[in-house]
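data_7.txt follows (compact mmCIF, C-alpha atoms and all ligand atoms):
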# COMPACT_ATOMS: atom_id res chain seq x y z
CA MET A 1 12.09 25.62 4.36
CA THR A 2 11.65 21.87 4.63
CA THR A 3 13.63 19.78 2.14
CA LEU A 4 13.60 16.13 1.08
CA PHE A 5 16.66 15.55 3.27
CA ASP A 6 15.33 16.83 6.60
CA PRO A 7 14.60 14.30 9.36
CA ILE A 8 11.07 13.94 10.72
CA GLN A 9 9.28 12.21 13.59
CA VAL A 10 6.38 10.17 12.18
CA GLY A 11 4.26 8.68 14.96
CA ASP A 12 6.66 6.45 16.92
CA LEU A 13 9.25 6.49 14.12
CA GLN A 14 12.19 8.85 13.70
CA LEU A 15 12.97 9.05 9.97
CA ALA A 16 16.29 10.27 8.55
CA ASN A 17 14.67 12.02 5.57
CA ARG A 18 11.34 12.71 3.83
CA ILE A 19 11.92 10.23 0.99
CA VAL A 20 9.68 7.15 1.17
CA MET A 21 9.82 4.00 -0.92
CA ALA A 22 6.22 3.36 -2.01
CA PRO A 23 4.76 -0.15 -1.66
CA LEU A 24 5.61 -2.17 -4.78
CA THR A 25 4.39 -5.68 -5.56
CA ARG A 26 7.17 -7.66 -7.30
CA ASN A 27 5.82 -11.25 -7.26
CA ARG A 28 9.08 -12.88 -6.28
CA ALA A 29 7.98 -14.74 -3.14
CA LEU A 30 9.04 -18.37 -2.70
CA PRO A 31 6.57 -21.27 -2.26
CA GLY A 32 4.52 -20.68 0.89
CA ASN A 33 4.32 -16.96 0.05
CA ILE A 34 7.69 -16.46 1.73
CA PRO A 35 10.07 -13.57 0.98
CA GLY A 36 13.43 -15.05 -0.01
CA PRO A 37 17.09 -13.96 0.02
CA LEU A 38 16.70 -11.82 -3.12
CA THR A 39 13.97 -9.85 -1.39
CA VAL A 40 16.27 -9.31 1.60
CA GLU A 41 18.90 -7.90 -0.75
CA TYR A 42 16.37 -5.76 -2.67
CA TYR A 43 15.18 -3.96 0.47
CA ARG A 44 18.70 -3.73 1.95
CA GLN A 45 19.81 -1.90 -1.19
CA ARG A 46 17.03 0.69 -0.68
CA ALA A 47 17.45 1.23 3.07
CA THR A 48 18.65 4.84 2.73
CA ALA A 49 14.99 5.79 2.18
CA GLY A 50 13.65 7.63 5.23
CA LEU A 51 10.97 4.92 5.25
CA ILE A 52 10.33 1.81 3.18
CA VAL A 53 6.71 0.73 2.82
CA ALA A 54 7.26 -2.93 1.98
CA GLU A 55 5.08 -4.46 -0.71
CA ALA A 56 1.42 -5.29 -0.16
CA SER A 57 1.26 -8.55 1.77
CA PRO A 58 -1.89 -10.68 2.06
CA ILE A 59 -3.18 -10.97 5.63
CA SER A 60 -4.56 -14.49 5.08
CA PRO A 61 -4.61 -17.18 2.38
CA THR A 62 -7.95 -15.82 1.11
CA ALA A 63 -6.59 -12.27 0.93
CA GLN A 64 -4.25 -12.98 -1.99
CA GLY A 65 -5.00 -12.23 -5.59
CA TYR A 66 -1.74 -12.44 -7.50
CA LEU A 67 0.89 -15.12 -7.91
CA ASP A 68 3.88 -15.25 -5.54
CA THR A 69 3.08 -12.35 -3.22
CA PRO A 70 4.67 -12.62 0.25
CA GLY A 71 2.19 -13.16 3.08
CA ILE A 72 2.05 -12.20 6.75
CA TRP A 73 -0.22 -14.90 8.16
CA SER A 74 2.18 -17.80 8.94
CA ASP A 75 5.11 -18.29 11.32
CA ALA A 76 7.37 -19.20 8.39
CA GLN A 77 6.51 -15.87 6.74
CA VAL A 78 7.25 -14.00 9.98
CA GLN A 79 10.67 -15.67 10.22
CA ALA A 80 11.48 -14.89 6.59
CA TRP A 81 10.45 -11.24 6.95
CA GLN A 82 12.78 -11.00 9.99
CA GLN A 83 15.70 -11.36 7.58
CA VAL A 84 14.38 -8.38 5.60
CA THR A 85 13.76 -6.11 8.58
CA GLN A 86 17.14 -6.97 10.14
CA ALA A 87 18.92 -6.12 6.90
CA VAL A 88 17.15 -2.76 6.61
CA HIS A 89 17.74 -1.91 10.27
CA ALA A 90 21.43 -2.86 9.99
CA GLU A 91 21.71 -0.15 7.31
CA GLY A 92 19.98 2.36 9.57
CA GLY A 93 16.66 2.26 7.67
CA LYS A 94 13.04 2.03 8.78
CA ILE A 95 10.47 -0.32 7.25
CA VAL A 96 6.73 -0.87 7.62
CA LEU A 97 4.62 -3.55 5.94
CA GLN A 98 1.56 -2.87 3.80
CA LEU A 99 -1.36 -5.07 4.93
CA TRP A 100 -3.43 -6.29 1.99
CA HIS A 101 -6.71 -7.96 1.24
CA VAL A 102 -7.46 -7.98 -2.48
CA GLY A 103 -11.19 -8.76 -2.12
CA ARG A 104 -12.62 -9.64 -5.54
CA ILE A 105 -9.36 -9.07 -7.46
CA SER A 106 -8.35 -12.72 -7.33
CA HIS A 107 -8.73 -16.07 -9.02
CA THR A 108 -9.92 -19.41 -7.68
CA SER A 109 -6.60 -21.01 -8.70
CA LEU A 110 -4.81 -18.80 -6.16
CA LEU A 111 -7.18 -19.45 -3.26
CA PRO A 112 -7.30 -22.36 -0.75
CA ASP A 113 -9.35 -25.30 -2.07
CA GLY A 114 -10.18 -23.28 -5.17
CA GLU A 115 -12.65 -21.18 -3.19
CA GLN A 116 -14.27 -18.00 -4.56
CA PRO A 117 -12.79 -14.57 -3.80
CA VAL A 118 -14.78 -12.50 -1.26
CA SER A 119 -15.90 -8.90 -1.51
CA SER A 120 -18.63 -6.45 -0.53
CA THR A 121 -20.55 -7.68 -3.58
CA ASN A 122 -21.02 -10.71 -5.79
CA GLN A 123 -20.46 -8.66 -8.95
CA THR A 124 -17.34 -9.61 -10.87
CA ALA A 125 -14.75 -6.88 -11.52
CA LYS A 126 -13.81 -6.05 -15.09
CA ALA A 127 -10.18 -6.83 -14.37
CA SER A 128 -7.42 -9.37 -14.80
CA THR A 129 -5.01 -10.94 -12.39
CA PHE A 130 -1.74 -12.81 -12.74
CA THR A 131 -1.73 -16.57 -12.08
CA ARG A 132 0.44 -19.60 -12.98
CA ASP A 133 -1.26 -19.44 -16.39
CA GLY A 134 -0.42 -15.78 -16.96
CA PHE A 135 -2.98 -12.96 -17.04
CA VAL A 136 -6.57 -14.22 -16.66
CA PRO A 137 -9.90 -12.50 -15.90
CA VAL A 138 -10.65 -12.37 -12.16
CA SER A 139 -13.11 -14.95 -10.76
CA ALA A 140 -16.68 -14.21 -9.69
CA PRO A 141 -16.65 -13.18 -6.01
CA ARG A 142 -19.19 -13.90 -3.31
CA ALA A 143 -20.37 -11.16 -0.97
CA LEU A 144 -19.10 -11.63 2.58
CA ARG A 145 -21.88 -12.23 5.10
CA ASP A 146 -22.01 -9.66 7.91
CA ASP A 147 -21.25 -12.44 10.40
CA GLU A 148 -17.95 -13.14 8.59
CA ILE A 149 -16.64 -9.61 9.17
CA PRO A 150 -15.35 -10.25 12.73
CA GLY A 151 -13.17 -13.07 11.36
CA LEU A 152 -11.84 -10.75 8.66
CA ILE A 153 -11.02 -8.10 11.27
CA ASN A 154 -9.20 -10.76 13.28
CA ASP A 155 -7.07 -11.55 10.23
CA TYR A 156 -5.98 -7.90 10.12
CA ARG A 157 -5.27 -7.99 13.87
CA ARG A 158 -3.12 -11.12 13.52
CA ALA A 159 -1.30 -9.64 10.50
CA ALA A 160 -0.43 -6.49 12.46
CA ARG A 161 0.83 -8.57 15.40
CA ASN A 162 2.84 -10.75 13.01
CA ALA A 163 4.35 -7.68 11.32
CA ILE A 164 5.70 -6.44 14.65
CA ALA A 165 6.96 -9.96 15.48
CA ALA A 166 8.73 -9.90 12.10
CA GLY A 167 10.58 -6.75 13.17
CA PHE A 168 8.67 -4.18 11.12
CA ASP A 169 8.53 -0.67 12.56
CA GLY A 170 4.81 -0.58 11.85
CA VAL A 171 2.19 -1.24 9.20
CA GLU A 172 0.38 0.59 6.44
CA ILE A 173 -3.26 -0.44 5.99
CA HIS A 174 -3.89 -0.80 2.25
CA ALA A 175 -7.20 0.99 1.67
CA ALA A 176 -6.29 2.06 -1.86
CA ASN A 177 -6.24 0.87 -5.48
CA THR A 178 -9.76 -0.66 -5.47
CA TYR A 179 -8.96 -3.66 -3.26
CA LEU A 180 -11.21 -5.01 -0.49
CA ILE A 181 -11.47 -1.94 1.73
CA GLU A 182 -12.25 0.30 -1.25
CA GLN A 183 -14.74 -2.30 -2.50
CA PHE A 184 -16.63 -1.54 0.70
CA LEU A 185 -16.05 2.25 0.59
CA ARG A 186 -17.30 2.95 -2.93
CA ASP A 187 -20.95 2.92 -3.93
CA SER A 188 -19.80 1.93 -7.44
CA VAL A 189 -19.02 -1.53 -6.02
CA ASN A 190 -20.72 -1.89 -2.63
CA ASP A 191 -24.34 -2.96 -3.25
CA ARG A 192 -25.00 -4.28 0.27
CA THR A 193 -27.82 -3.59 2.63
CA GLY A 194 -27.30 -3.71 6.38
CA PRO A 195 -24.57 -2.23 8.56
CA TYR A 196 -21.81 -2.30 5.88
CA GLY A 197 -23.74 -0.91 2.89
CA GLY A 198 -25.79 2.08 1.83
CA SER A 199 -24.80 5.31 3.57
CA ILE A 200 -21.27 6.71 3.59
CA GLU A 201 -21.15 5.94 7.33
CA ASN A 202 -21.98 2.29 6.67
CA ARG A 203 -19.56 1.90 3.76
CA THR A 204 -16.78 3.37 5.94
CA ARG A 205 -17.53 0.96 8.80
CA LEU A 206 -15.20 -1.84 7.66
CA LEU A 207 -12.26 0.55 7.22
CA LEU A 208 -12.76 2.00 10.70
CA GLU A 209 -13.11 -1.45 12.29
CA VAL A 210 -9.86 -2.52 10.61
CA VAL A 211 -8.08 0.62 11.82
CA ASP A 212 -9.46 0.15 15.32
CA ALA A 213 -8.27 -3.47 15.44
CA VAL A 214 -4.79 -2.72 14.11
CA VAL A 215 -4.34 0.33 16.34
CA GLY A 216 -5.58 -1.71 19.33
CA GLU A 217 -2.96 -4.36 18.54
CA ILE A 218 0.17 -2.30 17.78
CA GLY A 219 -0.68 1.36 18.57
CA ALA A 220 -1.65 4.35 16.43
CA GLY A 221 1.95 5.60 16.31
CA ARG A 222 2.95 2.54 14.28
CA THR A 223 -0.07 2.53 11.98
CA GLY A 224 -0.41 4.38 8.68
CA ILE A 225 -3.07 4.12 5.98
CA ARG A 226 -3.14 4.51 2.20
CA LEU A 227 -6.05 5.99 0.20
CA SER A 228 -6.60 6.60 -3.54
CA PRO A 229 -9.81 8.63 -3.96
CA MET A 230 -9.48 9.11 -7.76
CA THR A 231 -8.04 5.77 -8.85
CA THR A 232 -10.23 3.64 -11.12
CA PHE A 233 -7.83 0.68 -11.47
CA THR A 234 -10.44 -2.13 -11.17
CA ALA A 235 -13.58 -0.17 -10.23
CA PRO A 236 -15.32 3.08 -11.13
CA LEU A 237 -15.06 6.08 -8.83
CA ASP A 238 -17.54 6.61 -6.01
CA SER A 239 -20.50 8.82 -6.99
CA ASN A 240 -19.16 11.52 -4.62
CA PRO A 241 -15.46 10.95 -3.84
CA GLN A 242 -15.05 14.27 -2.03
CA ALA A 243 -17.86 13.50 0.42
CA LEU A 244 -16.78 9.86 0.89
CA TYR A 245 -13.09 10.48 1.50
CA GLY A 246 -13.89 13.65 3.45
CA HIS A 247 -15.87 11.49 5.85
CA VAL A 248 -13.11 8.86 5.99
CA VAL A 249 -10.48 11.45 6.90
CA GLU A 250 -12.75 13.18 9.41
CA LYS A 251 -13.13 9.85 11.21
CA LEU A 252 -9.40 9.02 11.00
CA ALA A 253 -8.17 12.41 12.21
CA PRO A 254 -8.77 11.94 15.97
CA ILE A 255 -7.10 8.49 16.07
CA GLY A 256 -3.54 9.85 15.94
CA LEU A 257 -2.24 7.60 13.14
CA ALA A 258 1.45 7.77 12.22
CA TYR A 259 0.57 9.08 8.77
CA LEU A 260 -1.98 9.24 5.99
CA HIS A 261 -0.67 8.31 2.53
CA VAL A 262 -2.66 9.62 -0.42
CA ILE A 263 -2.22 8.72 -4.08
CA GLU A 264 -3.07 11.86 -6.06
CA GLY A 265 -4.93 11.16 -9.31
CA GLU A 266 -4.88 7.83 -11.15
CA THR A 267 -2.31 5.47 -9.60
CA GLY A 268 0.67 5.31 -11.95
CA GLY A 269 -1.18 7.55 -14.42
CA THR A 270 -2.26 11.15 -14.69
CA ARG A 271 -2.17 13.26 -11.52
CA THR A 272 -5.09 15.35 -12.79
CA PRO A 273 -7.70 13.15 -14.51
CA GLU A 274 -9.67 15.32 -16.94
CA GLY A 275 -12.99 16.57 -15.60
CA LYS A 276 -12.37 14.92 -12.23
CA ALA A 277 -11.16 17.61 -9.87
CA PHE A 278 -10.43 16.54 -6.31
CA ASP A 279 -9.47 18.77 -3.38
CA TYR A 280 -6.68 16.86 -1.61
CA GLU A 281 -5.76 19.94 0.41
CA ALA A 282 -9.20 19.81 2.08
CA LEU A 283 -8.38 16.27 3.28
CA HIS A 284 -4.93 17.37 4.42
CA LYS A 285 -6.40 20.26 6.45
CA ALA A 286 -8.96 17.94 8.05
CA PHE A 287 -6.39 15.25 8.91
CA LYS A 288 -3.86 17.60 10.56
CA GLY A 289 -1.33 14.74 11.07
CA THR A 290 1.64 13.62 8.95
CA TRP A 291 0.75 13.77 5.25
CA MET A 292 2.44 11.52 2.67
CA VAL A 293 1.80 12.04 -1.05
CA ASN A 294 2.54 9.90 -4.08
CA ASN A 295 2.15 9.59 -7.81
CA GLY A 296 4.52 10.73 -10.49
CA TYR A 297 6.77 12.79 -8.21
CA LYS A 298 10.13 13.94 -9.52
CA LYS A 299 12.64 16.05 -7.61
CA GLU A 300 11.25 19.45 -8.60
CA LEU A 301 7.62 18.83 -7.64
CA ALA A 302 8.63 16.95 -4.48
CA THR A 303 10.86 19.83 -3.40
CA SER A 304 8.20 22.50 -3.96
CA VAL A 305 5.43 20.50 -2.27
CA LEU A 306 7.56 20.01 0.85
CA ALA A 307 8.74 23.63 0.87
CA SER A 308 5.19 24.95 0.70
CA GLY A 309 4.00 22.63 3.50
CA GLN A 310 1.52 20.81 1.24
CA ALA A 311 3.02 17.49 2.38
CA ASP A 312 5.47 16.10 4.93
CA LEU A 313 6.68 13.01 3.07
CA ILE A 314 6.98 12.06 -0.61
CA ALA A 315 6.63 8.42 -1.70
CA PHE A 316 8.44 7.34 -4.87
CA GLY A 317 7.47 4.08 -6.58
CA ARG A 318 8.97 3.38 -9.98
CA LEU A 319 12.01 5.58 -9.33
CA PHE A 320 12.86 3.42 -6.31
CA ILE A 321 12.60 0.24 -8.36
CA SER A 322 15.25 1.38 -10.83
CA ASN A 323 17.38 3.44 -8.43
CA PRO A 324 18.36 1.67 -5.20
CA ASP A 325 20.37 4.80 -4.26
CA LEU A 326 17.51 7.18 -5.08
CA VAL A 327 18.20 9.32 -2.00
CA ARG A 328 21.76 9.99 -3.11
CA ARG A 329 20.71 10.63 -6.71
CA LEU A 330 18.10 13.16 -5.56
CA ARG A 331 20.65 14.86 -3.33
CA GLU A 332 23.28 15.08 -6.05
CA GLY A 333 20.87 15.81 -8.89
CA ALA A 334 22.18 12.69 -10.67
CA GLU A 335 20.54 10.95 -13.62
CA PHE A 336 18.12 8.10 -12.95
CA ASN A 337 18.41 4.54 -14.28
CA ALA A 338 15.68 3.58 -16.75
CA LEU A 339 12.94 1.26 -15.49
CA GLN A 340 12.89 -2.25 -16.99
CA ALA A 341 9.12 -2.44 -17.32
CA ASP A 342 9.11 -6.07 -18.50
CA LYS A 343 10.74 -7.21 -15.24
CA LEU A 344 8.35 -5.68 -12.72
CA TYR A 345 6.27 -8.74 -11.86
CA GLY A 346 7.96 -12.07 -11.18
CA GLY A 347 11.34 -13.44 -12.20
CA GLY A 348 14.67 -13.31 -10.40
CA ALA A 349 17.47 -10.82 -9.82
CA ALA A 350 17.21 -9.20 -13.25
CA GLY A 351 15.31 -5.94 -12.96
CA TYR A 352 15.11 -6.49 -9.19
CA THR A 353 18.46 -6.42 -7.42
CA ASP A 354 20.77 -5.64 -10.37
CA TYR A 355 20.09 -1.93 -10.95
CA PRO A 356 23.42 -0.08 -10.64
CA THR A 357 24.23 2.47 -7.96
CA LEU A 358 26.39 5.57 -8.55
CA ALA A 359 30.09 4.85 -8.42
C1 LIG A 401 5.34 -2.70 -10.03
C2 LIG A 401 4.37 -1.94 -9.19
C3 LIG A 401 3.83 -2.54 -8.07
C4 LIG A 401 2.95 -1.84 -7.23
N1 LIG A 401 2.50 -2.44 -6.08
C5 LIG A 401 1.76 -1.73 -5.18
C6 LIG A 401 1.42 -2.28 -3.91
O1 LIG A 401 1.80 -3.40 -3.55
N2 LIG A 401 0.65 -1.51 -3.09
C7 LIG A 401 0.22 -0.26 -3.44
O2 LIG A 401 -0.48 0.38 -2.65
N3 LIG A 401 0.58 0.29 -4.61
C8 LIG A 401 1.35 -0.40 -5.48
N4 LIG A 401 1.76 0.20 -6.65
C9 LIG A 401 1.54 1.63 -6.86
C10 LIG A 401 2.77 2.42 -6.37
O3 LIG A 401 2.92 2.32 -4.96
C11 LIG A 401 2.64 3.92 -6.72
O4 LIG A 401 1.43 4.40 -6.19
C12 LIG A 401 2.68 4.18 -8.22
O5 LIG A 401 3.79 3.51 -8.83
C13 LIG A 401 2.78 5.69 -8.51
O6 LIG A 401 3.96 6.24 -7.93
P1 LIG A 401 5.27 6.56 -8.83
O7 LIG A 401 4.79 7.50 -9.91
O8 LIG A 401 6.25 7.21 -7.90
O9 LIG A 401 5.75 5.27 -9.41
C14 LIG A 401 2.59 -0.50 -7.54
C15 LIG A 401 3.11 0.08 -8.70
C16 LIG A 401 3.99 -0.61 -9.51
C17 LIG A 401 4.57 0.08 -10.72
Now that the file is in, can you turn its structure into structure tokens?
Amino acid sequence: MTTLFDPIQVGDLQLANRIVMAPLTRNRALPGNIPGPLTVEYYRQRATAGLIVAEASPISPTAQGYLDTPGIWSDAQVQAWQQVTQAVHAEGGKIVLQLWHVGRISHTSLLPDGEQPVSSTNQTAKASTFTRDGFVPVSAPRALRDDEIPGLINDYRRAARNAIAAGFDGVEIHAANTYLIEQFLRDSVNDRTGPYGGSIENRTRLLLEVVDAVVGEIGAGRTGIRLSPMTTFTAPLDSNPQALYGHVVEKLAPIGLAYLHVIEGETGGTRTPEGKAFDYEALHKAFKGTWMVNNGYKKELATSVLASGQADLIAFGRLFISNPDLVRRLREGAEFNALQADKLYGGGAAGYTDYPTLA
């Protein structure tokens, strides 16, 4: 029976165990959206994970929506990320970068020349974001024109190329948590006509063009993707999530991606939202490739899901924030450190690199 501690080949990557550090935004980048020395230390401390999915990183200046997130569009960012990837590799770890475009979850004060956020729609999300002035409502977006999409796809292509130049073992395309790609996927947000709106096929087009570009740049064996069919974070669910995400997975299956990463239930909340059943196993069966699951996993559930073959990899988020040696603690059945919830977003070493390891 498969356990958390068994090695696995994932696309081009040989992982030492099945324990993944989920992508976690920590808002500690330096001016220029550059990961600094504390970030190097933070990831180094967690390198015993079979795989680290490094925090969501904007693919361009217009892709950012929160203060002090590290980017992957400039040469200075590539050089700074090299320090992170070298530190993780020196400890024998593997690390991929999550490629992010927030779409309409942004604020003009965070964008170049105070420009508007872009999305599938010009409807404003009922959501807040974090800026220099604290939490503020997101700005009104403008709908991308169809003729702007090739430029957007190029930004993803450049980001993937930059990630490899920065020493990452691959990338995870962020198609979850109601950011840009999901703003195109869901009919609760996407009100376009034309090739990127209307039918499920059309709403899936942007996602597939992004995947095609990234895979063309760095190879399918280094490319993963993250989905969250039942997450309502900044947008309502699609009118038919099972049909929508069923189509997405059917189209992804033949590409040979390194893995598919699915958040089960409401991200960071209930795994089984009341009255909103979703058949994840149907997606898993259709995908056939390496299946990563996340959301509220503890040792017991993770162990049983791996043993029964319902998943190949388990991603842990909050437990990895507060337990740099999570792998060892899981192995030894040790207690976990408590999460310092007031130190998640922004700040310095406190609540970031100062969580204790076992003696
Ligand atoms: C502080 C924090 C930052 C997060 N940042 C990201 C992110 O950058 N990208 C992403 O896809 N999910 C992000 N998430 C969601 C987590 O990856 C994960 O899905 C969630 O915490 C549920 O897993 P857990 O129960 O193991 O913590 C974040 C969650 C938290 C708590």
Discussion item. Can you pull out the residues contacting range 172-189 of chain A? Cut-off 6 Å, using all atoms listed in the file, and skip same-chain residues under 3 positions away; I want them as a ChimeraX atom specification.
Written reply: /A:97-103,120,203-204,223-228,234,236,238
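For ligand LIG 401 (chain A), the neighbouring protein, DNA and RNA residues, which are those within 6 Å when only C-alpha atoms and all ligand atoms are counted, are Ala22, Pro23, Leu24, Thr25, Arg26, Glu55, Ala56, Thr267, Gly268, Asn294, Asn295, Gly296, Tyr297, Phe316, Gly317, Arg318 and Leu344 of chain A.
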Within 8 Å of Ala160 in chain A using only C-alpha atoms, minus same-chain residues under 6 positions, as a PDB file with C-alpha atoms, in the frame of the given file:
ATOM      1  CA  LEU A  99      -1.360  -5.070   4.930  1.00  0.00           C
ATOM      2  CA  GLY A 170       4.810  -0.580  11.850  1.00  0.00           C
ATOM      3  CA  VAL A 171       2.190  -1.240   9.200  1.00  0.00           C
ATOM      4  CA  VAL A 214      -4.790  -2.720  14.110  1.00  0.00           C
ATOM      5  CA  GLU A 217      -2.960  -4.360  18.540  1.00  0.00           C
ATOM      6  CA  ILE A 218       0.170  -2.300  17.780  1.00  0.00           C
TER       7      ILE A 218
END
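Taking all atoms listed in the file, the non-local environment of Ala143 in chain A within 12 Å (same-chain residues fewer than 5 positions away omitted) comprises Gly103, Arg104, Gln116, Pro117, Val118, Ser119, Ser120, Thr121, Asn122, Gln123, Thr124, Glu148, Ile149, Leu180, Gln183, Phe184, Val189, Asn190, Asp191, Arg192, Thr193, Tyr196 and Gly197 of chain A.
Residues lying within 10 Å of Val84 in chain A, counting all atoms listed in the file and ignoring same-chain neighbours fewer than 2 positions away, are Pro35, Gly36, Pro37, Leu38, Thr39, Val40, Glu41, Tyr42, Tyr43, Arg44, Ala54, Gln79, Ala80, Trp81, Gln82, Gln86, Ala87, Val88, His89, Ala90, Ile95, Ala166, Gly167 and Phe168 of chain A.
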Discussion item. List the spatial neighbours of Asn240 in chain A as a list in words - criterion: any atom at most 12 Å away, all atoms listed in the file, same-chain residues fewer than 2 positions off excluded.
Written reply: Leu185, Arg186, Asp187, Ser188, Ser199, Ile200, Pro229, Met230, Pro236, Leu237, Asp238, Gln242, Ala243, Leu244, Tyr245, Gly246, His247, Lys276, Ala277 and Phe278 of chain A
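Residue nearest Asp354 in chain A within the list A:Asp312, A:Ser322, A:Ala76, A:Gly256: A:Ser322 [criterion: smallest interatomic distance, all atoms listed in the file].
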Fill in: Exercise: residues within 12 Å of coordinate (28.5, 8.3, -12.7), counting all atoms listed in the file, as an MDAnalysis selection string
chainID A and resid 328:329 332:337 356:359
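Proximity of A:Pro58, A:Pro112, A:Gly65, A:Gly93 to Asn17 in chain A, computed with only C-alpha atoms, is greatest for A:Gly93.
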Worksheet entry | Given all atoms listed in the file as the counted atoms, nearest of A:Pro324, A:Gly289, A:Gly216, A:Gly269 to Ala311 in chain A | A:Gly289
